[in-house]
2 protein chains.
Amino acid sequence: MTSAGNGASPTIYDVAQAAGVAPSTVSRTFSRPGRVNAQTAERIRQVAAELGYRTNPLARGLPTGRTSLLAIVVADVTNPFFFEIIRGAEKTARDAGYTLLMVDAHESDEAERRALDRTLPLVEGLILATSRLSDSSIRVAAKQRPTVVMNRHMTDVPSVLTDNAQGMRSAVEHLAGLGHTSLAYVAGPEASWADGMRWRAFREATRETDVQARRIGPFAPTLAGGLSAAKSLVKHPATAAVAYNDLIAIGAMRGLRRLGVEVPRDLSIVGFDNIFGSDFCTPPLTTVAAPLRHFGSFAVQRLLAQLRPSPAPAAGPTLLPAKLVERGSTARPA
Amino acid sequence: MTSAGNGASPTIYDVAQAAGVAPSTVSRTFSRPGRVNAQTAERIRQVAAELGYRTNPLARGLPTGRTSLLAIVVADVTNPFFFEIIRGAEKTARDAGYTLLMVDAHESDEAERRALDRTLPLVEGLILATSRLSDSSIRVAAKQRPTVVMNRHMTDVPSVLTDNAQGMRSAVEHLAGLGHTSLAYVAGPEASWADGMRWRAFREATRETDVQARRIGPFAPTLAGGLSAAKSLVKHPATAAVAYNDLIAIGAMRGLRRLGVEVPRDLSIVGFDNIFGSDFCTPPLTTVAAPLRHFGSFAVQRLLAQLRPSPAPAAGPTLLPAKLVERGSTARPA
DNA sequence: GTGAAAGCGCTAACAC
DNA sequence: GTGTTAGCGCTTTCAC
């Protein structure tokens with residue numbers, strides 16, 4: 001029973017009837033213009049507009065799988081780390097005719113999995129930005145939809161990542177160059193692949209540079225996490241610290257100030273990511289900057305490459321450079 | 001043709017066949033447990049798990065309209081203003097069994113409309129956070145799905161807003177109390193409903209308080225916008241300014257410093273929203289704080305109220321209080 | 001170029 | 001409790 005003028009939204013059947021054509025012709029008019037006589041199409045469009053017809057993506061997606069939707073799942077939208085990433089991803093997606101849906105996983109694999117169950121079937125492709133999921137869970141998702149992971153290396157899933165090792169090395173060398181001989185790494189969440197990489201790179205870089213290294217944490221990758229990190233930091237003999245990310249670094253600086261420790265006079269701090277706010281906090285944060293916007297854009301590009309009918313290119317990781325931005329939170333040891 | 005073991009994802013038909021039951025029984029097992037014999041259900045679940053079956057929300061949503069999805073469209077995700085809002089909204093949605101999809105409209109009504117066309121049919125309800133759409137466009141959307149608007153008053157669509165007038169009044173009184181007699185309002189985007197309200201409230205408050213008022217702008221509600229605002233600011237005789245939002249305020253403070261104007265010594269600045277970063281910028285920003293997290297939560301609650309089978313309650317706006325947070329960016333005039 | 005008809009995967013009466 | 005049977009709104013062969 002096709003609704004005529006009642007509450008429900010009009011369908012192609014309503015439009016077809018009003019325009020005196022078959023439903024399939026209406027469908028073609030919108031899904032593949034050109035296959036329809038120009039005048040007929042014109043008339044149909046007009047009737048459709050009058051009726052307020054809108055194609056229903058749900059119904060369209062069922063038979064075809066084409067929804068023009070992409071999803072990016074982030075561990076925590078409120079983490080400014082994602083700002084530029086989302087920006088870049090959104091723009092690239094939009095330019096290609098896709099709409100990017102964002103889903104917040106709340107730093108929880110449980111929530112992430114549930115969100116995935118609900119959204120995966122709706123979208124044509126998926127970006128997992130700093131996922132907290134296990135490799136095998138990611139593989140399951142990647143089996144269902146083209147997937148790109150960020151900040152995480154997987155052999156069988158295309159990935160985009162920043163050169164953590166290089167970034168960490170430049171941070172450690174910077175600190176060592178200033179004369180620091182005992183460094184601390186303020187760790188982020190344990191489930192984070194990036195944290196593992198950074199800690200490893202830290203160890204290596206400190207060994208090469210011949211300075212002492214220790215690790216404190218893990219801490220939540222938030223301002224609050226940094227606040228608690230400050231307490232551990234004052235107990236340790238290090239004169240400089242590299243934090244898992246800027247949020248922790250900024251939080252730590254605030255916490256240290258409250259504890260009477262002045263940055264960078266008493267302790268130097270280096271962050272990671274160069275997020276919104278890292279340039280206007282006090283002191284401005286020295287940090288390892290990733291090309292965040294390109295990051296998002298690249299991820300979408302790799303996704304689109306998989307979406308194209310032609311055989312998808314190989315799955316090697318895309319490595320983006322990271323470079324140290326020297327600001328006010330680092331100085332020579334007292 | 002029901003796929004057996006080929007590439008496509010398994011359907012209820014595959015599960016039904018494997019479990020030796022009817023497809024409808026499989027459907028019931030997942031859509032309304034309890035209506036199925038416990039043992040049968042158990043067996044079905046097991047078979048489903050083995051086959052890797054996942055219910056397809058697209059297919060489920062077509063006949064029912066139930067997708068367990070809600071959408072929040074924001075003008076710009078990278079605006080920290082939305083942080084806590086999204087947080088609150090997401091949590092409330094999740095607790096109610098919904099997944100919240102976020103869509104970035106890029107401060108563009110065009111993009112917002114297109115995103116809406118694509119997502120509206122997928123979701124059960126919609127939150128428009130600081131929409132750049134016209135009232136009539138919003139009404140069109142609201143006709144299709146239960147909708148709540150934030151930061152904007154509409155008689156026929158439920159809304160959640162902060163008490164801009166009260167917040168502005170406290171800002172102006174604070175400044176007047178410090179001895180300022182000439183204030184500037186640094187305007188945000190013209191399409192912003194909140195900007196209109198704040199400017200109006202500013203005029204009224206300054207009139208009541210008997211101080212001079214002027215308006216400069218409009219500026220983009222971003223750090224960059226604030227940077228340009230700084231240039232206009234130095235040309236004007238005001239000794240204090242209230243900015244449309246914190247982003248502009250923070251950007252302006254940075255711009256002013258470059259121009260040799262010291263805040264708050266030479267110029268006092270008050271922001272709006274109390275966003276992430278406003279407490280750790282230099283100087284810490286005095287700002288009108290809205291209960292952001294509650295804001296998002298309330299919006300979802302109102303949405304859920306409309307979703308419930310029982311007749312939706314009336315559409316009056318929910319007004320949330322705003323209060324001034326005094327920090328370091330305001331002082332007595334020189 | 002256009003129409004008829006068969007699904008896409010699921011839910012929802014309606015029987016049994 | 002469970003099976004049967006229509007659809008949900010759209011796309012897509014296949015005829016004409």
# chains A, B, ... in the order shown; residues from 1 in each chain; ligands from 1
$ residues_around --residues "C:DC16" --least-positions-apart "3" --cutoff "10 Å" --atoms "only C-alpha atoms (C1' of nucleotides)" --output "ChimeraX atom specification"
/D:2-4
$ write_last_selection --atoms "C-alpha atoms (C1' of nucleotides)" --output "mmCIF file, in the first residue's frame"
data_model
loop_
_atom_site.group_PDB
_atom_site.id
_atom_site.type_symbol
_atom_site.label_atom_id
_atom_site.label_comp_id
_atom_site.auth_asym_id
_atom_site.auth_seq_id
_atom_site.Cartn_x
_atom_site.Cartn_y
_atom_site.Cartn_z
ATOM 1 C "C1'" DT D 2 7.171 -21.461 15.763
ATOM 2 C "C1'" DG D 3 6.418 -21.296 10.725
ATOM 3 C "C1'" DT D 4 4.337 -18.610 6.660
#
$ residues_around --residues "D:DC8" --least-positions-apart "5" --cutoff "12 Å" --atoms "only C-alpha atoms (C1' of nucleotides)" --output "CSV table (one decimal) with N, CA, C and O atoms (P, O5', C5', C4', C3', O3' and C1' of nucleotides), in the first residue's frame"
chain,number,residue,atom,x,y,z
A,1,MET,N,0.8,-1.2,0.0
A,1,MET,CA,0.0,0.0,0.0
A,1,MET,C,0.9,1.2,0.0
A,1,MET,O,1.6,1.5,0.9
A,2,THR,N,0.8,2.0,-1.1
A,2,THR,CA,1.7,3.2,-1.2
A,2,THR,C,0.9,4.4,-0.6
A,2,THR,O,-0.2,4.7,-1.1
A,11,THR,N,7.4,8.1,-1.4
A,11,THR,CA,8.3,7.2,-2.0
A,11,THR,C,8.4,7.3,-3.5
A,11,THR,O,7.6,8.1,-4.1
A,56,ASN,N,15.6,7.6,0.1
A,56,ASN,CA,15.9,7.0,1.4
A,56,ASN,C,17.2,6.1,1.3
A,56,ASN,O,17.2,5.1,0.8
A,58,LEU,N,18.6,4.4,3.4
A,58,LEU,CA,18.5,3.0,4.0
A,58,LEU,C,18.0,2.0,3.0
A,58,LEU,O,18.5,1.0,2.8
A,59,ALA,N,16.9,2.4,2.3
A,59,ALA,CA,16.3,1.6,1.3
A,59,ALA,C,17.3,1.4,0.1
A,59,ALA,O,17.4,0.3,-0.5
A,60,ARG,N,18.0,2.5,-0.2
A,60,ARG,CA,18.9,2.4,-1.3
A,60,ARG,C,20.1,1.5,-1.0
A,60,ARG,O,20.6,0.8,-1.8
A,62,LEU,N,20.2,-1.0,1.1
A,62,LEU,CA,19.9,-2.5,1.3
A,62,LEU,C,20.3,-3.3,0.1
A,62,LEU,O,21.2,-4.2,0.2
B,58,LEU,N,20.6,-2.0,8.8
B,58,LEU,CA,20.0,-1.4,7.6
B,58,LEU,C,18.7,-2.1,7.3
B,58,LEU,O,17.7,-1.5,7.1
B,59,ALA,N,18.9,-3.4,7.2
B,59,ALA,CA,17.7,-4.3,6.9
B,59,ALA,C,16.7,-4.2,8.0
B,59,ALA,O,15.5,-4.2,7.8
B,60,ARG,N,17.2,-4.1,9.2
B,60,ARG,CA,16.3,-4.1,10.3
B,60,ARG,C,15.5,-2.7,10.4
B,60,ARG,O,14.3,-2.7,10.7
B,61,GLY,N,16.2,-1.7,10.0
B,61,GLY,CA,15.6,-0.4,10.0
B,61,GLY,C,14.6,-0.1,9.0
B,61,GLY,O,13.7,0.6,9.2
B,62,LEU,N,14.8,-0.8,7.8
B,62,LEU,CA,13.8,-0.5,6.7
B,62,LEU,C,12.4,-0.7,7.2
B,62,LEU,O,11.6,0.2,7.1
B,63,PRO,N,12.0,-1.9,7.6
B,63,PRO,CA,10.6,-2.1,8.0
B,63,PRO,C,10.2,-1.4,9.2
B,63,PRO,O,9.0,-1.0,9.4
B,64,THR,N,11.1,-1.2,10.2
B,64,THR,CA,10.7,-0.7,11.5
B,64,THR,C,11.0,0.7,11.7
B,64,THR,O,10.3,1.4,12.5
B,65,GLY,N,12.0,1.2,11.1
B,65,GLY,CA,12.4,2.6,11.4
B,65,GLY,C,13.3,2.6,12.7
B,65,GLY,O,13.9,3.6,13.0
B,66,ARG,N,13.5,1.5,13.3
B,66,ARG,CA,14.3,1.4,14.5
B,66,ARG,C,15.7,1.1,14.2
B,66,ARG,O,16.1,0.0,13.7
C,8,DC,P,17.9,-11.9,-2.3
C,8,DC,O5',18.5,-10.5,-1.6
C,8,DC,C5',19.6,-9.8,-2.2
C,8,DC,C4',19.8,-8.5,-1.3
C,8,DC,C3',19.6,-8.8,0.2
C,8,DC,O3',20.9,-8.8,0.7
C,8,DC,C1',18.3,-6.8,-0.6
C,9,DG,P,21.3,-10.1,1.6
C,9,DG,O5',20.6,-9.8,3.0
C,9,DG,C5',21.1,-8.8,3.8
C,9,DG,C4',20.1,-8.5,4.9
C,9,DG,C3',19.9,-9.7,5.8
C,9,DG,O3',20.1,-9.3,7.1
C,9,DG,C1',17.8,-8.8,5.1
C,10,DC,P,19.7,-10.2,8.4
C,10,DC,O5',18.2,-9.6,8.7
C,10,DC,C5',18.2,-8.3,9.3
C,10,DC,C4',16.8,-7.8,9.3
C,10,DC,C3',15.9,-8.4,10.3
C,10,DC,O3',15.8,-7.6,11.5
C,10,DC,C1',14.8,-8.1,8.3
C,11,DT,P,15.0,-8.1,12.7
C,11,DT,O5',13.5,-7.7,12.4
C,11,DT,C5',13.2,-6.3,12.2
C,11,DT,C4',11.7,-6.1,11.9
C,11,DT,C3',10.8,-6.6,13.1
C,11,DT,O3',9.8,-5.6,13.1
C,11,DT,C1',10.2,-7.7,11.0
C,12,DA,P,8.8,-5.7,14.4
C,12,DA,O5',7.5,-6.2,13.6
C,12,DA,C5',7.0,-5.5,12.5
C,12,DA,C4',5.8,-6.1,12.0
C,12,DA,C3',4.8,-6.5,13.1
C,12,DA,O3',3.5,-6.3,12.7
C,12,DA,C1',5.5,-8.4,11.9
$ closest_atom_pairs --of "chain C" --to "chain A" --cutoff "7 Å" --atoms "only C-alpha atoms (C1' of nucleotides)" --output "Markdown table"
| residue | atom | partner | partner_atom | distance |
| --- | --- | --- | --- | --- |
| C:DG1 | C1' | A:Val36 | CA | 6.4 |
| C:DT2 | C1' | A:Thr25 | CA | 6.8 |
| C:DG3 | C1' | A:Ala22 | CA | 6.1 |
| C:DC8 | C1' | A:Pro63 | CA | 3.9 |
$ closest_atom_pairs --of "chain A" --to "chain B" --cutoff "8 Å" --atoms "only C-alpha atoms" --output "CSV"
residue,atom,partner,partner_atom,distance
A:Ser9,CA,B:Gln144,CA,7.6
A:Arg54,CA,B:Asp117,CA,7.5
A:Asn56,CA,B:Pro121,CA,6.2
A:Pro57,CA,B:Arg118,CA,6.4
A:Leu58,CA,B:Leu58,CA,5.9
A:Ala59,CA,B:Leu62,CA,6.3
A:Gly61,CA,B:Leu58,CA,7.5
A:Leu62,CA,B:Ala59,CA,6.3
A:Val77,CA,B:Phe83,CA,7.3
A:Thr78,CA,B:Phe83,CA,4.9
A:Pro80,CA,B:Thr78,CA,7.5
A:Phe83,CA,B:Thr78,CA,4.9
A:Glu84,CA,B:Thr78,CA,7.4
A:Ile86,CA,B:Thr78,CA,7.9
A:Arg87,CA,B:Thr78,CA,7.5
A:Glu90,CA,B:Asp104,CA,7.8
A:Thr99,CA,B:Ala115,CA,6.4
A:Leu100,CA,B:Val103,CA,6.9
A:Leu101,CA,B:Val103,CA,5.6
A:Met102,CA,B:Met102,CA,4.8
A:Val103,CA,B:Leu101,CA,5.6
A:Asp104,CA,B:Glu90,CA,7.8
A:Ala115,CA,B:Thr99,CA,6.4
A:Asp117,CA,B:Arg54,CA,7.5
A:Arg118,CA,B:Pro57,CA,6.3
A:Thr119,CA,B:Pro57,CA,7.9
A:Pro121,CA,B:Asn56,CA,6.1
A:Leu122,CA,B:Leu58,CA,6.3
A:Gln144,CA,B:Ser9,CA,7.6
A:Gly277,CA,B:Gly277,CA,6.0
A:Phe280,CA,B:Cys281,CA,5.3
A:Cys281,CA,B:Cys281,CA,4.8
A:Thr282,CA,B:Thr282,CA,6.5
$ interface_residues --of "chain D" --to "chain A" --cutoff "8 Å" --atoms "only C-alpha atoms (C1' of nucleotides)" --output "NGL selection string"
:D and (8-11)
$ atom_distance --atom1 "atom CA of A:Val74" --atom2 "atom CA of A:Thr130"
6.5 Å
$ residues_around --residues "A:Leu259" --least-positions-apart "3" --cutoff "10 Å" --atoms "only C-alpha atoms (C1' of nucleotides)" --output "PyMOL selection string"
chain A and resi 230-231+234+253-256+262
$ write_last_selection --atoms "all heavy atoms" --output "mmCIF file, in the first residue's frame"
data_model
loop_
_atom_site.group_PDB
_atom_site.id
_atom_site.type_symbol
_atom_site.label_atom_id
_atom_site.label_comp_id
_atom_site.auth_asym_id
_atom_site.auth_seq_id
_atom_site.Cartn_x
_atom_site.Cartn_y
_atom_site.Cartn_z
ATOM 1 N N ALA A 230 51.868 14.142 37.407
ATOM 2 C CA ALA A 230 52.719 15.134 38.068
ATOM 3 C C ALA A 230 53.182 14.627 39.432
ATOM 4 O O ALA A 230 54.345 14.789 39.813
ATOM 5 C CB ALA A 230 51.952 16.449 38.215
ATOM 6 N N LYS A 231 52.270 13.962 40.129
ATOM 7 C CA LYS A 231 52.616 13.466 41.463
ATOM 8 C C LYS A 231 53.727 12.431 41.403
ATOM 9 O O LYS A 231 54.627 12.416 42.241
ATOM 10 C CB LYS A 231 51.368 12.868 42.129
ATOM 11 C CG LYS A 231 50.327 13.920 42.460
ATOM 12 C CD LYS A 231 49.098 13.308 43.129
ATOM 13 C CE LYS A 231 47.911 14.271 43.062
ATOM 14 N NZ LYS A 231 46.705 13.627 42.506
ATOM 15 N N VAL A 234 57.277 14.115 40.471
ATOM 16 C CA VAL A 234 58.097 14.775 41.482
ATOM 17 C C VAL A 234 58.852 13.790 42.355
ATOM 18 O O VAL A 234 59.853 14.139 42.968
ATOM 19 C CB VAL A 234 57.239 15.690 42.397
ATOM 20 C CG1 VAL A 234 56.697 16.870 41.612
ATOM 21 C CG2 VAL A 234 56.113 14.908 43.055
ATOM 22 N N MET A 253 52.051 19.644 33.520
ATOM 23 C CA MET A 253 52.614 20.970 33.800
ATOM 24 C C MET A 253 51.761 21.700 34.835
ATOM 25 O O MET A 253 52.273 22.373 35.732
ATOM 26 C CB MET A 253 52.700 21.797 32.515
ATOM 27 C CG MET A 253 53.729 21.253 31.529
ATOM 28 S SD MET A 253 54.303 22.466 30.312
ATOM 29 C CE MET A 253 52.802 22.900 29.479
ATOM 30 N N ARG A 254 50.472 21.555 34.707
ATOM 31 C CA ARG A 254 49.600 22.208 35.671
ATOM 32 C C ARG A 254 49.765 21.588 37.047
ATOM 33 O O ARG A 254 49.841 22.280 38.063
ATOM 34 C CB ARG A 254 48.139 22.096 35.232
ATOM 35 C CG ARG A 254 47.892 22.711 33.872
ATOM 36 C CD ARG A 254 46.450 22.604 33.491
ATOM 37 N NE ARG A 254 45.611 23.423 34.352
ATOM 38 C CZ ARG A 254 44.292 23.353 34.376
ATOM 39 N NH1 ARG A 254 43.671 22.487 33.605
ATOM 40 N NH2 ARG A 254 43.603 24.138 35.161
ATOM 41 N N GLY A 255 49.819 20.268 37.045
ATOM 42 C CA GLY A 255 49.978 19.577 38.313
ATOM 43 C C GLY A 255 51.300 19.938 38.969
ATOM 44 O O GLY A 255 51.374 20.161 40.190
ATOM 45 N N LEU A 256 52.335 20.030 38.186
ATOM 46 C CA LEU A 256 53.653 20.346 38.726
ATOM 47 C C LEU A 256 53.665 21.748 39.325
ATOM 48 O O LEU A 256 54.242 21.975 40.393
ATOM 49 C CB LEU A 256 54.705 20.238 37.613
ATOM 50 C CG LEU A 256 55.022 18.806 37.164
ATOM 51 C CD1 LEU A 256 55.836 18.801 35.872
ATOM 52 C CD2 LEU A 256 55.760 18.050 38.273
ATOM 53 N N GLU A 262 58.611 24.189 38.866
ATOM 54 C CA GLU A 262 58.436 25.071 37.728
ATOM 55 C C GLU A 262 58.995 24.471 36.436
ATOM 56 O O GLU A 262 60.120 23.975 36.416
ATOM 57 C CB GLU A 262 59.136 26.417 38.008
ATOM 58 C CG GLU A 262 58.665 27.503 37.058
ATOM 59 C CD GLU A 262 59.377 28.818 37.353
ATOM 60 O OE1 GLU A 262 59.370 29.246 38.530
ATOM 61 O OE2 GLU A 262 59.949 29.414 36.420
#
$ decode --residues "stretch 179-190 of chain A" --atoms "all heavy atoms" --output "PDB file, in the first residue's frame"
ATOM      1  N   GLY A 179      71.408  18.881  27.802  1.00  0.00           N
ATOM      2  CA  GLY A 179      72.206  18.499  28.950  1.00  0.00           C
ATOM      3  C   GLY A 179      71.513  17.584  29.952  1.00  0.00           C
ATOM      4  O   GLY A 179      72.058  17.283  31.016  1.00  0.00           O
ATOM      5  N   HIS A 180      70.321  17.122  29.608  1.00  0.00           N
ATOM      6  CA  HIS A 180      69.626  16.228  30.532  1.00  0.00           C
ATOM      7  C   HIS A 180      70.220  14.831  30.443  1.00  0.00           C
ATOM      8  O   HIS A 180      70.554  14.353  29.361  1.00  0.00           O
ATOM      9  CB  HIS A 180      68.136  16.177  30.184  1.00  0.00           C
ATOM     10  CG  HIS A 180      67.440  17.465  30.440  1.00  0.00           C
ATOM     11  ND1 HIS A 180      66.976  17.843  31.677  1.00  0.00           N
ATOM     12  CD2 HIS A 180      67.164  18.506  29.611  1.00  0.00           C
ATOM     13  CE1 HIS A 180      66.421  19.045  31.603  1.00  0.00           C
ATOM     14  NE2 HIS A 180      66.528  19.477  30.352  1.00  0.00           N
ATOM     15  N   THR A 181      70.337  14.177  31.578  1.00  0.00           N
ATOM     16  CA  THR A 181      70.947  12.848  31.583  1.00  0.00           C
ATOM     17  C   THR A 181      70.030  11.779  32.159  1.00  0.00           C
ATOM     18  O   THR A 181      70.360  10.605  32.179  1.00  0.00           O
ATOM     19  CB  THR A 181      72.243  12.859  32.422  1.00  0.00           C
ATOM     20  OG1 THR A 181      71.922  13.387  33.713  1.00  0.00           O
ATOM     21  CG2 THR A 181      73.302  13.729  31.760  1.00  0.00           C
ATOM     22  N   SER A 182      68.882  12.230  32.647  1.00  0.00           N
ATOM     23  CA  SER A 182      67.951  11.265  33.227  1.00  0.00           C
ATOM     24  C   SER A 182      66.537  11.642  32.802  1.00  0.00           C
ATOM     25  O   SER A 182      65.996  12.659  33.223  1.00  0.00           O
ATOM     26  CB  SER A 182      68.100  11.306  34.751  1.00  0.00           C
ATOM     27  OG  SER A 182      67.114  10.515  35.352  1.00  0.00           O
ATOM     28  N   LEU A 183      65.970  10.800  31.970  1.00  0.00           N
ATOM     29  CA  LEU A 183      64.657  11.115  31.407  1.00  0.00           C
ATOM     30  C   LEU A 183      63.572  10.143  31.854  1.00  0.00           C
ATOM     31  O   LEU A 183      63.849   8.961  32.084  1.00  0.00           O
ATOM     32  CB  LEU A 183      64.718  11.075  29.878  1.00  0.00           C
ATOM     33  CG  LEU A 183      65.837  11.844  29.182  1.00  0.00           C
ATOM     34  CD1 LEU A 183      65.647  11.765  27.664  1.00  0.00           C
ATOM     35  CD2 LEU A 183      65.845  13.293  29.637  1.00  0.00           C
ATOM     36  N   ALA A 184      62.373  10.650  31.929  1.00  0.00           N
ATOM     37  CA  ALA A 184      61.232   9.784  32.248  1.00  0.00           C
ATOM     38  C   ALA A 184      60.254   9.773  31.093  1.00  0.00           C
ATOM     39  O   ALA A 184      60.073  10.782  30.413  1.00  0.00           O
ATOM     40  CB  ALA A 184      60.532  10.287  33.512  1.00  0.00           C
ATOM     41  N   TYR A 185      59.660   8.614  30.872  1.00  0.00           N
ATOM     42  CA  TYR A 185      58.585   8.532  29.890  1.00  0.00           C
ATOM     43  C   TYR A 185      57.286   8.413  30.660  1.00  0.00           C
ATOM     44  O   TYR A 185      57.123   7.536  31.507  1.00  0.00           O
ATOM     45  CB  TYR A 185      58.772   7.318  28.978  1.00  0.00           C
ATOM     46  CG  TYR A 185      57.605   7.129  28.035  1.00  0.00           C
ATOM     47  CD1 TYR A 185      57.370   8.028  26.991  1.00  0.00           C
ATOM     48  CD2 TYR A 185      56.711   6.064  28.183  1.00  0.00           C
ATOM     49  CE1 TYR A 185      56.300   7.877  26.128  1.00  0.00           C
ATOM     50  CE2 TYR A 185      55.640   5.898  27.329  1.00  0.00           C
ATOM     51  CZ  TYR A 185      55.432   6.815  26.297  1.00  0.00           C
ATOM     52  OH  TYR A 185      54.365   6.672  25.450  1.00  0.00           O
ATOM     53  N   VAL A 186      56.362   9.323  30.383  1.00  0.00           N
ATOM     54  CA  VAL A 186      55.067   9.299  31.069  1.00  0.00           C
ATOM     55  C   VAL A 186      54.099   8.565  30.162  1.00  0.00           C
ATOM     56  O   VAL A 186      53.640   9.097  29.149  1.00  0.00           O
ATOM     57  CB  VAL A 186      54.569  10.721  31.348  1.00  0.00           C
ATOM     58  CG1 VAL A 186      53.296  10.679  32.182  1.00  0.00           C
ATOM     59  CG2 VAL A 186      55.652  11.535  32.043  1.00  0.00           C
ATOM     60  N   ALA A 187      53.789   7.339  30.538  1.00  0.00           N
ATOM     61  CA  ALA A 187      53.042   6.449  29.657  1.00  0.00           C
ATOM     62  C   ALA A 187      51.558   6.751  29.562  1.00  0.00           C
ATOM     63  O   ALA A 187      50.933   7.246  30.502  1.00  0.00           O
ATOM     64  CB  ALA A 187      53.239   5.008  30.110  1.00  0.00           C
ATOM     65  N   GLY A 188      51.009   6.423  28.406  1.00  0.00           N
ATOM     66  CA  GLY A 188      49.573   6.551  28.160  1.00  0.00           C
ATOM     67  C   GLY A 188      48.869   5.230  28.414  1.00  0.00           C
ATOM     68  O   GLY A 188      49.412   4.369  29.101  1.00  0.00           O
ATOM     69  N   PRO A 189      47.690   5.070  27.873  1.00  0.00           N
ATOM     70  CA  PRO A 189      46.894   3.866  28.133  1.00  0.00           C
ATOM     71  C   PRO A 189      47.573   2.602  27.622  1.00  0.00           C
ATOM     72  O   PRO A 189      48.202   2.609  26.576  1.00  0.00           O
ATOM     73  CB  PRO A 189      45.586   4.133  27.385  1.00  0.00           C
ATOM     74  CG  PRO A 189      45.860   5.247  26.446  1.00  0.00           C
ATOM     75  CD  PRO A 189      46.984   6.028  27.009  1.00  0.00           C
ATOM     76  N   GLU A 190      47.426   1.528  28.362  1.00  0.00           N
ATOM     77  CA  GLU A 190      48.110   0.295  28.011  1.00  0.00           C
ATOM     78  C   GLU A 190      47.607  -0.310  26.719  1.00  0.00           C
ATOM     79  O   GLU A 190      48.358  -0.952  26.004  1.00  0.00           O
ATOM     80  CB  GLU A 190      47.927  -0.717  29.143  1.00  0.00           C
ATOM     81  CG  GLU A 190      48.452  -0.197  30.458  1.00  0.00           C
ATOM     82  CD  GLU A 190      48.691  -1.334  31.424  1.00  0.00           C
ATOM     83  OE1 GLU A 190      49.675  -2.064  31.221  1.00  0.00           O
ATOM     84  OE2 GLU A 190      47.902  -1.476  32.372  1.00  0.00           O
TER      85      GLU A 190
END
